[in-house]
file start-v9.cif (mmCIF, C-alpha atoms and all ligand atoms)
data_coords
#
loop_
_atom_site.label_atom_id
_atom_site.label_comp_id
_atom_site.auth_asym_id
_atom_site.auth_seq_id
_atom_site.Cartn_x
_atom_site.Cartn_y
_atom_site.Cartn_z
CA MET A 1 71.03 -85.69 95.82
CA ILE A 2 72.24 -84.13 92.58
CA LEU A 3 71.41 -80.43 92.44
CA ASP A 4 71.00 -78.17 89.41
CA ILE A 5 73.98 -75.99 88.62
CA VAL A 6 72.90 -72.50 87.61
CA PRO A 7 74.55 -70.86 84.60
CA LEU A 8 76.18 -67.44 84.40
CA GLY A 9 73.42 -64.92 83.84
CA GLU A 10 71.50 -66.01 86.94
CA PRO A 11 71.49 -63.07 89.39
CA VAL A 12 72.47 -65.33 92.32
CA LEU A 13 75.95 -65.73 90.82
CA ARG A 14 76.46 -61.97 91.03
CA LYS A 15 75.35 -61.45 94.64
CA LYS A 16 77.49 -61.31 97.73
CA ALA A 17 76.43 -64.47 99.55
CA HIS A 18 75.22 -64.41 103.17
CA LYS A 19 77.25 -65.66 106.08
CA ILE A 20 75.99 -68.90 107.59
CA THR A 21 74.99 -68.20 111.19
CA LYS A 22 73.98 -71.69 112.24
CA VAL A 23 75.75 -74.89 111.21
CA ASP A 24 72.93 -77.40 111.36
CA HIS A 25 71.80 -80.59 109.70
CA ASP A 26 70.49 -78.70 106.65
CA VAL A 27 73.90 -77.13 106.03
CA ARG A 28 75.63 -80.51 106.36
CA GLN A 29 73.12 -82.09 103.99
CA LEU A 30 73.59 -79.28 101.48
CA ALA A 31 77.39 -79.67 101.65
CA ASN A 32 77.04 -83.39 100.95
CA ASP A 33 74.68 -82.75 98.05
CA MET A 34 77.04 -80.14 96.63
CA LEU A 35 79.95 -82.58 96.80
CA GLU A 36 77.89 -85.22 95.03
CA THR A 37 76.79 -82.68 92.39
CA MET A 38 80.37 -81.50 91.87
CA ARG A 39 81.66 -85.06 91.43
CA GLU A 40 78.89 -85.93 89.02
CA ALA A 41 79.71 -82.83 86.96
CA GLY A 42 83.39 -83.74 86.97
CA GLY A 43 84.42 -80.64 88.91
CA VAL A 44 87.00 -79.97 91.58
CA GLY A 45 85.08 -77.25 93.39
CA LEU A 46 81.59 -75.84 93.80
CA ALA A 47 80.21 -72.82 95.65
CA ALA A 48 76.66 -72.60 97.03
CA PRO A 49 75.62 -69.72 94.71
CA GLN A 50 76.25 -72.13 91.82
CA ILE A 51 73.36 -74.27 93.00
CA GLY A 52 71.20 -71.21 93.58
CA GLN A 53 71.83 -70.70 97.31
CA SER A 54 73.22 -67.33 98.31
CA ILE A 55 75.17 -68.57 101.32
CA ARG A 56 78.89 -68.85 102.11
CA LEU A 57 79.58 -72.54 101.63
CA ILE A 58 82.08 -74.19 99.30
CA VAL A 59 83.17 -77.73 98.59
CA VAL A 60 86.52 -78.65 97.05
CA GLU A 61 87.97 -82.00 96.15
CA TYR A 62 91.38 -82.22 94.61
CA THR A 63 93.88 -84.98 93.92
CA GLU A 64 97.47 -83.83 93.67
CA PRO A 65 99.04 -85.68 90.73
CA ALA A 66 102.00 -87.86 91.72
CA GLU A 67 104.53 -89.88 89.72
CA ASP A 68 103.24 -93.03 91.34
CA PRO A 69 99.42 -93.07 91.34
CA GLU A 70 99.57 -94.89 94.69
CA ASP A 71 101.08 -91.77 96.23
CA GLU A 72 98.16 -89.64 95.08
CA GLN A 73 96.09 -88.28 97.90
CA THR A 74 92.65 -86.84 97.50
CA GLN A 75 91.79 -83.93 99.74
CA THR A 76 88.16 -83.07 100.34
CA PHE A 77 86.98 -79.83 101.95
CA LYS A 78 83.55 -78.59 103.00
CA LEU A 79 84.06 -75.05 104.26
CA ILE A 80 81.60 -72.64 105.80
CA ASN A 81 82.21 -68.87 105.75
CA PRO A 82 85.71 -69.31 104.25
CA GLU A 83 87.96 -66.25 104.29
CA ILE A 84 91.35 -65.81 102.73
CA THR A 85 93.57 -64.48 105.53
CA TRP A 86 96.84 -64.43 103.57
CA ARG A 87 97.91 -64.49 99.92
CA SER A 88 101.44 -65.00 98.66
CA ASP A 89 102.98 -62.10 96.76
CA GLU A 90 104.00 -64.63 94.16
CA THR A 91 101.34 -65.15 91.51
CA VAL A 92 100.91 -67.73 88.78
CA MET A 93 98.94 -67.88 85.56
CA GLY A 94 96.67 -70.87 84.97
CA ILE A 95 93.73 -71.96 82.86
CA GLU A 96 90.37 -72.20 84.57
CA GLY A 97 86.94 -73.37 83.63
CA CYS A 98 83.72 -73.15 85.61
CA LEU A 99 80.74 -75.47 85.97
CA SER A 100 78.49 -72.41 85.60
CA ILE A 101 80.19 -71.28 82.38
CA LYS A 102 80.15 -74.17 79.95
CA GLY A 103 82.28 -74.24 76.84
CA LEU A 104 84.81 -71.59 77.85
CA VAL A 105 88.14 -71.49 79.60
CA GLY A 106 90.31 -68.55 80.53
CA GLU A 107 93.72 -67.64 81.74
CA VAL A 108 93.71 -66.17 85.23
CA GLU A 109 96.44 -64.82 87.47
CA ARG A 110 96.14 -66.06 91.06
CA ALA A 111 98.21 -66.00 94.21
CA GLU A 112 100.45 -69.07 94.27
CA ALA A 113 99.58 -69.82 97.89
CA VAL A 114 96.82 -68.83 100.32
CA LYS A 115 95.82 -69.34 103.91
CA ILE A 116 92.15 -69.69 104.73
CA LYS A 117 90.09 -69.68 107.88
CA ALA A 118 86.61 -71.18 107.93
CA LEU A 119 84.26 -73.38 109.90
CA ASN A 120 83.97 -77.08 109.24
CA VAL A 121 80.60 -78.81 109.00
CA GLN A 122 80.69 -79.39 112.76
CA GLY A 123 80.84 -75.63 113.21
CA GLN A 124 84.44 -75.70 114.47
CA PRO A 125 87.07 -73.19 113.29
CA VAL A 126 89.62 -74.63 110.86
CA LYS A 127 92.65 -73.23 109.08
CA VAL A 128 93.77 -74.43 105.67
CA SER A 129 97.03 -73.67 103.86
CA ALA A 130 97.06 -74.33 100.15
CA GLU A 131 99.44 -73.80 97.27
CA GLY A 132 99.46 -74.40 93.55
CA TRP A 133 96.26 -75.82 92.07
CA LEU A 134 94.54 -76.25 95.39
CA ALA A 135 95.16 -72.57 96.18
CA ARG A 136 93.75 -71.65 92.76
CA ILE A 137 90.60 -73.71 93.33
CA PHE A 138 89.99 -72.03 96.71
CA GLN A 139 90.44 -68.57 95.21
CA HIS A 140 88.01 -69.43 92.39
CA GLU A 141 85.36 -70.79 94.77
CA ILE A 142 85.65 -68.02 97.36
CA ASP A 143 85.30 -65.48 94.53
CA HIS A 144 81.89 -67.04 93.79
CA LEU A 145 80.77 -66.09 97.31
CA ASP A 146 81.44 -62.45 96.46
CA GLY A 147 79.66 -62.57 93.12
CA VAL A 148 82.91 -62.75 91.17
CA CYS A 149 83.43 -65.20 88.30
CA TYR A 150 86.78 -66.12 86.76
CA VAL A 151 85.81 -64.42 83.50
CA ASP A 152 85.99 -61.08 85.38
CA ARG A 153 89.63 -61.72 86.18
CA ALA A 154 90.75 -63.57 83.06
CA THR A 155 93.30 -61.94 80.81
CA GLU A 156 92.06 -64.07 77.93
CA ILE A 157 88.96 -66.24 77.42
CA TRP A 158 88.44 -68.75 74.66
CA GLU A 159 86.47 -71.77 73.51
CA PRO A 160 88.79 -74.69 73.97
CA ALA A 161 89.45 -77.03 71.07
CA LEU A 162 87.48 -80.25 71.28
CA GLU A 163 90.22 -82.31 72.95
CA GLU A 164 90.97 -79.53 75.40
CA ALA A 165 87.24 -79.22 76.16
CA ASP A 166 87.09 -82.89 77.04
CA GLU A 167 89.98 -82.47 79.37
CA SER A 168 88.65 -79.38 81.08
CA GLU A 169 85.33 -81.20 81.42
CA THR A 170 87.00 -83.81 83.58
CA SER A 171 88.94 -81.39 85.71
CA GLU A 172 86.82 -78.29 86.06
CA GLU A 173 86.78 -75.91 87.69
CA SER A 174 90.52 -75.62 87.31
CA SER A 175 91.71 -77.36 84.22
CA GLN A 176 94.81 -79.48 84.52
CA THR A 177 95.80 -78.35 81.05
CA ALA A 178 97.39 -75.39 82.76
CA THR A 179 100.41 -73.55 81.62
CA ASP A 180 101.83 -72.64 84.99
CA ARG A 181 103.73 -75.83 85.59
ZN ZN H 201 83.22 -71.52 89.10
#
call {"tool": "encode", "arguments": {"input": "start-v9.cif", "output": "structure tokens", "more": "lines below"}}
Ligand code: ZN
result
Amino acid sequence: MILDIVPLGEPVLRKKAHKITKVDHDVRQLANDMLETMREAGGVGLAAPQIGQSIRLIVVEYTEPAEDPEDEQTQTFKLINPEITWRSDETVMGIEGCLSIKGLVGEVERAEAVKIKALNVQGQPVKVSAEGWLARIFQHEIDHLDGVCYVDRATEIWEPALEEADESETSEESSQTATDR
């Protein structure tokens, strides 16, 4: 089911979301609906507050670009109560957009790599290591669970030119038009 994505200005996007205490069918269904909603919106990540639910659940789907498209692998994550347990000292600048903030992009400094612990949709503990764009997407989504939006962290925010807007539309929340590679 496609869910409505709430825009910046809705109080739910500014709240610290609640921990999920029971991983049940409803949570799994919501994660599936969020993934479907994110894909339909052309995003690479979505956090539960963005569909109006103040709970700690994120979905991420990212395809690492490769020289040969056949080598490209799509990674899909549905993470419950995700926590960043380690961030690299090295940081990178990159251009982000957000499905809750239409028509804007911004340059944001993020850790180049992160380690995350979370529960999967079976309720089992999982650890994820991510670098580059995937690490950026996780940092963006986990920020949403603490009521933080990328515009709070951005050093610069602008309305992208039409072409750029099209591109960021297809690869939100982290635009591939980035400058850090
Ligand atoms: Zn976002």
call {"tool": "closest_atom_pairs", "arguments": {"input": "start-v9.cif", "of": "chain A", "to": "ligand ZN 201 (chain H)", "cutoff": "8 Å", "atoms": "all atoms listed in the file", "output": "JSON lines"}}
result
{"residue": "A:Gly45", "atom": "CA", "partner": "H:ZN201", "partner_atom": "ZN", "distance": 7.4}
{"residue": "A:Leu46", "atom": "CA", "partner": "H:ZN201", "partner_atom": "ZN", "distance": 6.6}
{"residue": "A:Ala47", "atom": "CA", "partner": "H:ZN201", "partner_atom": "ZN", "distance": 7.3}
{"residue": "A:Gln50", "atom": "CA", "partner": "H:ZN201", "partner_atom": "ZN", "distance": 7.5}
{"residue": "A:Gly97", "atom": "CA", "partner": "H:ZN201", "partner_atom": "ZN", "distance": 6.9}
{"residue": "A:Cys98", "atom": "CA", "partner": "H:ZN201", "partner_atom": "ZN", "distance": 3.9}
{"residue": "A:Leu99", "atom": "CA", "partner": "H:ZN201", "partner_atom": "ZN", "distance": 5.6}
{"residue": "A:Ser100", "atom": "CA", "partner": "H:ZN201", "partner_atom": "ZN", "distance": 6.0}
{"residue": "A:Ile101", "atom": "CA", "partner": "H:ZN201", "partner_atom": "ZN", "distance": 7.4}
{"residue": "A:His140", "atom": "CA", "partner": "H:ZN201", "partner_atom": "ZN", "distance": 6.2}
{"residue": "A:Glu141", "atom": "CA", "partner": "H:ZN201", "partner_atom": "ZN", "distance": 6.1}
{"residue": "A:His144", "atom": "CA", "partner": "H:ZN201", "partner_atom": "ZN", "distance": 6.6}
{"residue": "A:Cys149", "atom": "CA", "partner": "H:ZN201", "partner_atom": "ZN", "distance": 6.4}
{"residue": "A:Tyr150", "atom": "CA", "partner": "H:ZN201", "partner_atom": "ZN", "distance": 6.9}
{"residue": "A:Glu173", "atom": "CA", "partner": "H:ZN201", "partner_atom": "ZN", "distance": 5.8}
call {"tool": "residues_around", "arguments": {"input": "start-v9.cif", "residues": "Gly132 (chain A)", "least_positions_apart": "2", "cutoff": "10 Å", "atoms": "only C-alpha atoms", "output": "ChimeraX atom specification"}}
result
/A:64,91-92,94,110-114,130,134-137,180-181
call {"tool": "closest_residue", "arguments": {"input": "start-v9.cif", "among": "A:Val12, A:Leu162, A:Val27, A:Ile58", "to": "Lys78 (chain A)", "atoms": "only C-alpha atoms"}}
result
A:Ile58
call {"tool": "closest_residue", "arguments": {"input": "start-v9.cif", "among": "A:Ile157, A:Ile84, A:Met38, A:Ile116", "to": "Tyr62 (chain A)", "atoms": "all atoms listed in the file"}}
result
A:Met38
call {"tool": "residues_around", "arguments": {"input": "start-v9.cif", "residues": "Leu79 (chain A)", "least_positions_apart": "4", "cutoff": "6 Å", "atoms": "all atoms listed in the file", "output": "PyMOL selection string"}}
result
chain A and resi 57-58+118-120
call {"tool": "axis_aligned_box", "arguments": {"input": "start-v9.cif", "around": "region 39-45 of chain A", "padding_each_side": "3 Å", "output": "JSON"}}
result
{"center_x": 82.9, "center_y": -81.6, "center_z": 90.2, "size_x": 14.1, "size_y": 14.7, "size_z": 12.4}
call {"tool": "atom_distance", "arguments": {"input": "start-v9.cif", "atom1": "CA of Trp133 (chain A)", "atom2": "CA of Glu40 (chain A)"}}
result
20.3 Å
call {"tool": "closest_residue", "arguments": {"input": "start-v9.cif", "among": "A:Ile95, A:Val44, A:Val128, A:Val105", "to": "Glu159 (chain A)", "atoms": "all atoms listed in the file"}}
result
A:Val105
call {"tool": "closest_residue", "arguments": {"input": "start-v9.cif", "among": "A:Val60, A:Ile55, A:Ala154, A:Val126", "to": "Arg39 (chain A)", "atoms": "only C-alpha atoms"}}
result
A:Val60
call {"tool": "closest_residue", "arguments": {"input": "start-v9.cif", "among": "A:Val59, A:Ile80, A:Gln139, A:Asp146", "to": "Arg14 (chain A)", "atoms": "only C-alpha atoms"}}
result
A:Asp146
call {"tool": "atom_distance", "arguments": {"input": "start-v9.cif", "atom1": "CA of Ser54 (chain A)", "atom2": "CA of Ala17 (chain A)"}}
result
4.5 Å
call {"tool": "atom_distance", "arguments": {"input": "start-v9.cif", "atom1": "CA of Glu61 (chain A)", "atom2": "CA of Thr21 (chain A)"}}
result
24.2 Å
call {"tool": "build_atoms", "arguments": {"input": "start-v9.cif", "residues": "region 34-45 of chain A", "atoms": "all heavy atoms", "output": "short mmCIF file (atom, residue, chain, number, x, y, z; two decimals), keeping the file's coordinate frame"}}
result
data_model
loop_
_atom_site.label_atom_id
_atom_site.label_comp_id
_atom_site.auth_asym_id
_atom_site.auth_seq_id
_atom_site.Cartn_x
_atom_site.Cartn_y
_atom_site.Cartn_z
N MET A 34 76.17 -80.92 97.52
CA MET A 34 77.04 -80.14 96.63
C MET A 34 78.24 -80.97 96.19
O MET A 34 78.66 -80.92 95.03
CB MET A 34 77.51 -78.86 97.32
CG MET A 34 76.44 -77.75 97.32
SD MET A 34 76.92 -76.33 98.35
CE MET A 34 78.48 -75.86 97.62
N LEU A 35 78.80 -81.73 97.13
CA LEU A 35 79.95 -82.58 96.80
C LEU A 35 79.55 -83.62 95.75
O LEU A 35 80.26 -83.85 94.76
CB LEU A 35 80.45 -83.25 98.09
CG LEU A 35 81.87 -83.78 98.10
CD1 LEU A 35 82.88 -82.67 97.79
CD2 LEU A 35 82.18 -84.39 99.47
N GLU A 36 78.39 -84.21 95.96
CA GLU A 36 77.89 -85.22 95.03
C GLU A 36 77.66 -84.60 93.64
O GLU A 36 78.03 -85.17 92.61
CB GLU A 36 76.58 -85.78 95.60
CG GLU A 36 76.13 -87.09 95.00
CD GLU A 36 74.78 -87.53 95.55
OE1 GLU A 36 74.40 -87.11 96.67
OE2 GLU A 36 74.10 -88.29 94.85
N THR A 37 77.07 -83.40 93.64
CA THR A 37 76.79 -82.68 92.39
C THR A 37 78.09 -82.34 91.66
O THR A 37 78.21 -82.52 90.45
CB THR A 37 76.00 -81.39 92.70
OG1 THR A 37 74.80 -81.74 93.38
CG2 THR A 37 75.68 -80.61 91.43
N MET A 38 79.07 -81.87 92.44
CA MET A 38 80.37 -81.50 91.87
C MET A 38 81.05 -82.72 91.25
O MET A 38 81.59 -82.64 90.14
CB MET A 38 81.23 -80.91 92.98
CG MET A 38 82.60 -80.45 92.54
SD MET A 38 83.70 -80.41 93.97
CE MET A 38 84.16 -82.14 94.03
N ARG A 39 81.03 -83.84 91.96
CA ARG A 39 81.66 -85.06 91.43
C ARG A 39 80.97 -85.51 90.16
O ARG A 39 81.63 -85.88 89.19
CB ARG A 39 81.59 -86.18 92.48
CG ARG A 39 82.56 -85.98 93.63
CD ARG A 39 82.34 -87.05 94.67
NE ARG A 39 83.23 -86.90 95.81
CZ ARG A 39 82.95 -87.31 97.04
NH1 ARG A 39 81.79 -87.89 97.30
NH2 ARG A 39 83.82 -87.14 98.01
N GLU A 40 79.65 -85.46 90.17
CA GLU A 40 78.89 -85.93 89.02
C GLU A 40 79.19 -85.06 87.79
O GLU A 40 79.24 -85.54 86.67
CB GLU A 40 77.40 -85.90 89.35
CG GLU A 40 76.58 -86.83 88.51
CD GLU A 40 75.65 -86.11 87.57
OE1 GLU A 40 75.61 -84.86 87.57
OE2 GLU A 40 74.94 -86.80 86.84
N ALA A 41 79.42 -83.76 88.05
CA ALA A 41 79.71 -82.83 86.96
C ALA A 41 81.18 -82.87 86.56
O ALA A 41 81.59 -82.20 85.62
CB ALA A 41 79.31 -81.41 87.37
N GLY A 42 81.97 -83.65 87.29
CA GLY A 42 83.39 -83.74 86.97
C GLY A 42 84.19 -82.52 87.39
O GLY A 42 85.19 -82.19 86.78
N GLY A 43 83.74 -81.84 88.44
CA GLY A 43 84.42 -80.64 88.91
C GLY A 43 85.34 -80.91 90.07
O GLY A 43 85.35 -82.00 90.64
N VAL A 44 86.12 -79.88 90.41
CA VAL A 44 87.00 -79.97 91.58
C VAL A 44 86.60 -78.98 92.67
O VAL A 44 87.23 -78.92 93.72
CB VAL A 44 88.49 -79.76 91.20
CG1 VAL A 44 88.98 -80.91 90.32
CG2 VAL A 44 88.71 -78.42 90.51
N GLY A 45 85.55 -78.20 92.40
CA GLY A 45 85.08 -77.25 93.39
C GLY A 45 83.69 -76.77 93.03
O GLY A 45 83.30 -76.80 91.85
#
